[in-house]
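Chemist: Right, I'll just put the structure down here and ask away after.
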Amino acid sequence: MKQLLLDIAPPAQPTLANFVPGRNTELLQTVSNILVGREDERFVYLWGGLGCGRSHLLRGVAGACARNKLNTAFFACDENTHFVDGSEADCVIVDDVDRLDAEAQIGMFNLYNHIRDEGRAFLLVSGPAAPVQLKLREDLVTRLGWGLVYQVHELTDEEKMEAMKSHAISRGLDLSQEVCEYLLRHERRDLPSLIGTLDALDSYSLANQRKVTVPLVRELLQAAS
């Protein structure tokens, strides 16, 4: 057998352009409006379960800010997170706020107040649940609920299949419904992983001069496991 292209392509760099909104159209539009100054709200909290796309959206916002030459502070929270006052930032992004320890929660509370008083930066925060359900200090929970709060809805299977087919068309790949359904049953179900697998399948099918069918998908995934 030819050398298999087993390095399943890593997910594409998260951007706002490749974020598939599904039921999150209003959220995406609001964030886009804030970035171009068409929305006055400067505090946004996003919540949703694993695989819903909230981290993708946050990193997409960070990338958009960088391209617009805005000073951006991005915090992927863990037990070592330490906040500065954010006085130099135009955009402050805090992912997985629920992971902050007690000291960092105080820092986050002070950062929120500083941004509110400074009146300049945009603060975008995410967590796995609505603010009132977070196990954080009460005054911080209150602050997180003051601005806009959006649930990030995971794509339905139908929306994921439409996104896969759209991506396949952009690569000139003929992708059947049967293959889409097989990938949803047997692969990681988050969209970036599915798209990465599609890219690898495209390369593998070209290298082997074979159509992308369920047997070909099964062959690649079994060899890569």
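Starting from 1 in every chain, residues are counted up; chains themselves are A, B, ... following the order of the structure tokens, and ligands are numbered from 1 as listed.
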Neighbouring residues of segment 117-128 of chain A were defined as those with any atom within 6 Å, considering only C-alpha atoms; residues of the same chain fewer than 6 positions away were excluded. Please report them as a list in words.

Modeler: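 My reading of the contact set: Arg42, Phe43, Val44, Tyr45, Leu46, Trp47, Gly48, Gly49, Asp90, Cys91, Val92, Ile93, Val94, Asp95, Asp96, Val97 and Asp98 of chain A.
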
Chemist: If DSSP is run on the backbone, what residues of segment 20-173 of chain A are helix (DSSP H, G or I)? A reply as a PyMOL selection string would be ideal.

Modeler: chain A and resi 22-35+54-67+97-99+102-118+131-133+138-144+157-170

Chemist: For a quick check of understanding, using only C-alpha atoms, which of A:Arg67, A:His56, A:Arg185, A:Arg116 has the smallest distance to Glu41 of chain A?

Modeler: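 Residue with the minimum atom-to-atom distance to Glu41 of chain A: A:Arg116.
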
Chemist: Counting only C-alpha atoms, figure out which residue out of A:Leu111, A:Asp101, A:Leu173, A:Val149 gets nearest to Ala73 of chain A.

Modeler: A:Leu111

Chemist: Could you give me, as a list in words, the residues within 9 Å of Gly145 of chain A, counting only C-alpha atoms and dropping anything in the same chain fewer than 3 positions from it?

Modeler: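 Once the adjacent positions are removed, what remains is Val44, Tyr45, Ala130, Pro131, Val132, Leu140, Val141, Thr142, Leu148 and Val149 of chain A.
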
Chemist: Those residues you just picked out, can you put them in a file as an mmCIF file, in the first residue's frame with all heavy atoms?

Modeler:
data_model
loop_
_atom_site.group_PDB
_atom_site.id
_atom_site.type_symbol
_atom_site.label_atom_id
_atom_site.label_comp_id
_atom_site.auth_asym_id
_atom_site.auth_seq_id
_atom_site.Cartn_x
_atom_site.Cartn_y
_atom_site.Cartn_z
ATOM 1 N N VAL A 44 -19.523 41.104 26.799
ATOM 2 C CA VAL A 44 -20.258 39.968 26.250
ATOM 3 C C VAL A 44 -19.786 38.692 26.931
ATOM 4 O O VAL A 44 -18.572 38.456 27.052
ATOM 5 C CB VAL A 44 -20.066 39.837 24.725
ATOM 6 C CG1 VAL A 44 -20.823 38.622 24.181
ATOM 7 C CG2 VAL A 44 -20.523 41.108 24.009
ATOM 8 N N TYR A 45 -20.739 37.897 27.372
ATOM 9 C CA TYR A 45 -20.425 36.592 27.965
ATOM 10 C C TYR A 45 -21.061 35.503 27.109
ATOM 11 O O TYR A 45 -22.260 35.559 26.795
ATOM 12 C CB TYR A 45 -20.946 36.497 29.401
ATOM 13 C CG TYR A 45 -20.702 35.141 30.028
ATOM 14 C CD1 TYR A 45 -19.461 34.814 30.568
ATOM 15 C CD2 TYR A 45 -21.704 34.175 30.045
ATOM 16 C CE1 TYR A 45 -19.223 33.565 31.120
ATOM 17 C CE2 TYR A 45 -21.484 32.922 30.596
ATOM 18 C CZ TYR A 45 -20.236 32.627 31.136
ATOM 19 O OH TYR A 45 -20.010 31.391 31.673
ATOM 20 N N ALA A 130 -24.344 29.347 31.994
ATOM 21 C CA ALA A 130 -24.793 30.722 32.201
ATOM 22 C C ALA A 130 -24.174 31.273 33.480
ATOM 23 O O ALA A 130 -23.819 30.509 34.399
ATOM 24 C CB ALA A 130 -26.314 30.752 32.288
ATOM 25 N N PRO A 131 -23.994 32.598 33.574
ATOM 26 C CA PRO A 131 -23.309 33.177 34.736
ATOM 27 C C PRO A 131 -23.829 32.689 36.078
ATOM 28 O O PRO A 131 -23.038 32.346 36.972
ATOM 29 C CB PRO A 131 -23.533 34.688 34.546
ATOM 30 C CG PRO A 131 -23.617 34.858 33.075
ATOM 31 C CD PRO A 131 -24.333 33.630 32.581
ATOM 32 N N VAL A 132 -25.155 32.634 36.256
ATOM 33 C CA VAL A 132 -25.703 32.270 37.563
ATOM 34 C C VAL A 132 -25.395 30.820 37.938
ATOM 35 O O VAL A 132 -25.535 30.446 39.107
ATOM 36 C CB VAL A 132 -27.229 32.488 37.602
ATOM 37 C CG1 VAL A 132 -27.556 33.964 37.474
ATOM 38 C CG2 VAL A 132 -27.926 31.682 36.518
ATOM 39 N N LEU A 140 -18.321 38.481 41.045
ATOM 40 C CA LEU A 140 -17.858 38.262 39.677
ATOM 41 C C LEU A 140 -18.988 37.724 38.808
ATOM 42 O O LEU A 140 -19.169 38.154 37.664
ATOM 43 C CB LEU A 140 -16.672 37.296 39.661
ATOM 44 C CG LEU A 140 -16.116 36.924 38.280
ATOM 45 C CD1 LEU A 140 -15.732 38.160 37.482
ATOM 46 C CD2 LEU A 140 -14.914 35.983 38.427
ATOM 47 N N VAL A 141 -19.761 36.792 39.341
ATOM 48 C CA VAL A 141 -20.915 36.257 38.608
ATOM 49 C C VAL A 141 -21.872 37.390 38.232
ATOM 50 O O VAL A 141 -22.385 37.435 37.097
ATOM 51 C CB VAL A 141 -21.640 35.186 39.452
ATOM 52 C CG1 VAL A 141 -23.003 34.860 38.858
ATOM 53 C CG2 VAL A 141 -20.789 33.929 39.540
ATOM 54 N N THR A 142 -22.091 38.299 39.173
ATOM 55 C CA THR A 142 -22.972 39.439 38.895
ATOM 56 C C THR A 142 -22.438 40.279 37.750
ATOM 57 O O THR A 142 -23.193 40.665 36.843
ATOM 58 C CB THR A 142 -23.120 40.313 40.151
ATOM 59 O OG1 THR A 142 -23.693 39.537 41.201
ATOM 60 C CG2 THR A 142 -24.016 41.519 39.866
ATOM 61 N N LEU A 148 -24.146 41.611 27.614
ATOM 62 C CA LEU A 148 -24.890 40.678 26.773
ATOM 63 C C LEU A 148 -24.477 39.251 27.110
ATOM 64 O O LEU A 148 -23.284 38.965 27.277
ATOM 65 C CB LEU A 148 -24.613 40.957 25.293
ATOM 66 C CG LEU A 148 -25.021 42.338 24.769
ATOM 67 C CD1 LEU A 148 -24.627 42.479 23.302
ATOM 68 C CD2 LEU A 148 -26.521 42.557 24.943
ATOM 69 N N VAL A 149 -25.440 38.371 27.221
ATOM 70 C CA VAL A 149 -25.177 36.963 27.513
ATOM 71 C C VAL A 149 -25.798 36.127 26.398
ATOM 72 O O VAL A 149 -26.994 36.239 26.116
ATOM 73 C CB VAL A 149 -25.768 36.544 28.878
ATOM 74 C CG1 VAL A 149 -25.540 35.044 29.113
ATOM 75 C CG2 VAL A 149 -25.133 37.362 30.007
#

Chemist: What is the atom CA of Leu144 of chain A to atom CA of Glu159 of chain A distance in Å?

Modeler: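 Atom-to-atom, atom CA of Leu144 of chain A to atom CA of Glu159 of chain A, that is 29.9 Å.
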
Chemist: From a DSSP calculation on the backbone, collect every residue of segment 28-180 of chain A in strand (DSSP E or B) and output the set as an mmCIF file with N, CA, C and O atoms, in the first residue's frame.

Modeler:
data_model
loop_
_atom_site.group_PDB
_atom_site.id
_atom_site.type_symbol
_atom_site.label_atom_id
_atom_site.label_comp_id
_atom_site.auth_asym_id
_atom_site.auth_seq_id
_atom_site.Cartn_x
_atom_site.Cartn_y
_atom_site.Cartn_z
ATOM 1 N N PHE A 43 -19.432 44.529 26.865
ATOM 2 C CA PHE A 43 -19.256 43.335 27.690
ATOM 3 C C PHE A 43 -20.144 42.216 27.154
ATOM 4 O O PHE A 43 -21.365 42.367 27.085
ATOM 5 N N VAL A 44 -19.523 41.104 26.799
ATOM 6 C CA VAL A 44 -20.258 39.968 26.250
ATOM 7 C C VAL A 44 -19.786 38.692 26.931
ATOM 8 O O VAL A 44 -18.572 38.456 27.052
ATOM 9 N N TYR A 45 -20.739 37.897 27.372
ATOM 10 C CA TYR A 45 -20.425 36.592 27.965
ATOM 11 C C TYR A 45 -21.061 35.503 27.109
ATOM 12 O O TYR A 45 -22.260 35.559 26.795
ATOM 13 N N LEU A 46 -20.262 34.500 26.719
ATOM 14 C CA LEU A 46 -20.724 33.380 25.910
ATOM 15 C C LEU A 46 -20.645 32.100 26.718
ATOM 16 O O LEU A 46 -19.665 31.882 27.442
ATOM 17 N N TRP A 47 -21.660 31.250 26.581
ATOM 18 C CA TRP A 47 -21.589 29.978 27.285
ATOM 19 C C TRP A 47 -22.133 28.862 26.409
ATOM 20 O O TRP A 47 -22.955 29.061 25.528
ATOM 21 N N THR A 72 -4.684 43.381 21.881
ATOM 22 C CA THR A 72 -5.579 42.333 22.373
ATOM 23 C C THR A 72 -4.892 41.501 23.442
ATOM 24 O O THR A 72 -3.743 41.085 23.276
ATOM 25 N N ALA A 73 -5.592 41.255 24.531
ATOM 26 C CA ALA A 73 -5.107 40.367 25.589
ATOM 27 C C ALA A 73 -6.002 39.137 25.606
ATOM 28 O O ALA A 73 -7.220 39.253 25.775
ATOM 29 N N PHE A 74 -5.399 37.958 25.407
ATOM 30 C CA PHE A 74 -6.164 36.707 25.371
ATOM 31 C C PHE A 74 -5.735 35.837 26.548
ATOM 32 O O PHE A 74 -4.550 35.548 26.715
ATOM 33 N N PHE A 75 -6.703 35.412 27.362
ATOM 34 C CA PHE A 75 -6.422 34.569 28.515
ATOM 35 C C PHE A 75 -7.157 33.237 28.356
ATOM 36 O O PHE A 75 -8.389 33.198 28.370
ATOM 37 N N ALA A 76 -6.405 32.150 28.151
ATOM 38 C CA ALA A 76 -6.967 30.796 28.180
ATOM 39 C C ALA A 76 -6.815 30.323 29.618
ATOM 40 O O ALA A 76 -5.733 29.920 30.045
ATOM 41 N N CYS A 91 -9.085 45.087 23.347
ATOM 42 C CA CYS A 91 -9.966 43.931 23.452
ATOM 43 C C CYS A 91 -9.362 42.938 24.436
ATOM 44 O O CYS A 91 -8.179 42.578 24.313
ATOM 45 N N VAL A 92 -10.145 42.515 25.407
ATOM 46 C CA VAL A 92 -9.705 41.524 26.386
ATOM 47 C C VAL A 92 -10.602 40.303 26.248
ATOM 48 O O VAL A 92 -11.829 40.411 26.319
ATOM 49 N N ILE A 93 -9.979 39.137 26.034
ATOM 50 C CA ILE A 93 -10.721 37.900 25.807
ATOM 51 C C ILE A 93 -10.339 36.901 26.886
ATOM 52 O O ILE A 93 -9.149 36.635 27.107
ATOM 53 N N VAL A 94 -11.349 36.340 27.541
ATOM 54 C CA VAL A 94 -11.120 35.405 28.650
ATOM 55 C C VAL A 94 -11.891 34.124 28.354
ATOM 56 O O VAL A 94 -13.124 34.107 28.386
ATOM 57 N N ASP A 95 -11.168 33.040 28.081
ATOM 58 C CA ASP A 95 -11.798 31.761 27.753
ATOM 59 C C ASP A 95 -11.775 30.839 28.967
ATOM 60 O O ASP A 95 -10.773 30.767 29.681
ATOM 61 N N PHE A 122 -13.140 46.301 24.905
ATOM 62 C CA PHE A 122 -14.211 45.319 24.709
ATOM 63 C C PHE A 122 -13.806 44.065 25.478
ATOM 64 O O PHE A 122 -12.700 43.547 25.300
ATOM 65 N N LEU A 123 -14.686 43.573 26.351
ATOM 66 C CA LEU A 123 -14.401 42.379 27.147
ATOM 67 C C LEU A 123 -15.308 41.243 26.688
ATOM 68 O O LEU A 123 -16.534 41.350 26.748
ATOM 69 N N LEU A 124 -14.691 40.158 26.251
ATOM 70 C CA LEU A 124 -15.413 38.975 25.783
ATOM 71 C C LEU A 124 -14.986 37.798 26.646
ATOM 72 O O LEU A 124 -13.803 37.458 26.713
ATOM 73 N N VAL A 125 -15.951 37.173 27.325
ATOM 74 C CA VAL A 125 -15.668 36.109 28.291
ATOM 75 C C VAL A 125 -16.490 34.877 27.926
ATOM 76 O O VAL A 125 -17.620 34.996 27.442
ATOM 77 N N SER A 126 -15.925 33.691 28.172
ATOM 78 C CA SER A 126 -16.695 32.469 27.926
ATOM 79 C C SER A 126 -16.605 31.527 29.109
ATOM 80 O O SER A 126 -15.652 31.547 29.891
ATOM 81 N N GLY A 127 -17.617 30.673 29.213
ATOM 82 C CA GLY A 127 -17.655 29.633 30.237
ATOM 83 C C GLY A 127 -18.600 28.531 29.799
ATOM 84 O O GLY A 127 -19.284 28.654 28.780
ATOM 85 N N LEU A 148 -24.146 41.611 27.614
ATOM 86 C CA LEU A 148 -24.890 40.678 26.773
ATOM 87 C C LEU A 148 -24.477 39.251 27.110
ATOM 88 O O LEU A 148 -23.284 38.965 27.277
ATOM 89 N N VAL A 149 -25.440 38.371 27.221
ATOM 90 C CA VAL A 149 -25.177 36.963 27.513
ATOM 91 C C VAL A 149 -25.798 36.127 26.398
ATOM 92 O O VAL A 149 -26.994 36.239 26.116
ATOM 93 N N TYR A 150 -24.971 35.296 25.768
ATOM 94 C CA TYR A 150 -25.441 34.437 24.681
ATOM 95 C C TYR A 150 -25.070 32.991 24.952
ATOM 96 O O TYR A 150 -23.918 32.698 25.335
ATOM 97 N N GLN A 151 -26.002 32.117 24.711
ATOM 98 C CA GLN A 151 -25.664 30.699 24.651
ATOM 99 C C GLN A 151 -25.154 30.394 23.244
ATOM 100 O O GLN A 151 -25.764 30.806 22.255
#

Chemist: Record the distance separating atom CA of Met161 of chain A and atom CA of Glu219 of chain A, expressed in Å with one decimal.

Modeler: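 Interatomic distance, atom CA of Met161 of chain A to atom CA of Glu219 of chain A: 20.8 Å.
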
Chemist: Distance table requested - segment 93-163 of chain A against segment 192-207 of chain A, cut-off 12 Å, only C-alpha atoms: one row per qualifying residue with the closest atom pair and its distance in Å to one decimal, ordered by chain and rising residue number, as a tab-separated table.

Modeler:
residue	atom	partner	partner_atom	distance
A:Leu155	CA	A:Pro192	CA	11.8
A:Asp157	CA	A:Leu194	CA	11.6
A:Lys160	CA	A:Leu194	CA	8.6
A:Met161	CA	A:Leu194	CA	9.5
A:Glu162	CA	A:Ile195	CA	11.5
A:Ala163	CA	A:Ile195	CA	8.6

Chemist: Just checking: using only C-alpha atoms, which residue out of A:Val61, A:Ala102, A:Ala168, A:Ile115 ends up closest to Glu138 of chain A?

Modeler: A:Ala102

Chemist: If we count only C-alpha atoms, what is near Val36 of chain A at a cut-off of 10 Å, once residues fewer than 4 positions away on the same chain are taken out, given as a ChimeraX atom specification?

Modeler: /A:31-32,65,68

Chemist: Could you dump the residues just selected with C-alpha atoms as an mmCIF file, in the first residue's frame?

Modeler:
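Final output, saved to part_14.cif:
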data_model
loop_
_atom_site.group_PDB
_atom_site.id
_atom_site.type_symbol
_atom_site.label_atom_id
_atom_site.label_comp_id
_atom_site.auth_asym_id
_atom_site.auth_seq_id
_atom_site.Cartn_x
_atom_site.Cartn_y
_atom_site.Cartn_z
ATOM 1 C CA VAL A 31 -19.746 40.434 17.878
ATOM 2 C CA SER A 32 -18.956 41.597 14.340
ATOM 3 C CA CYS A 65 -8.538 42.305 16.366
ATOM 4 C CA ASN A 68 -7.223 45.485 12.688
#
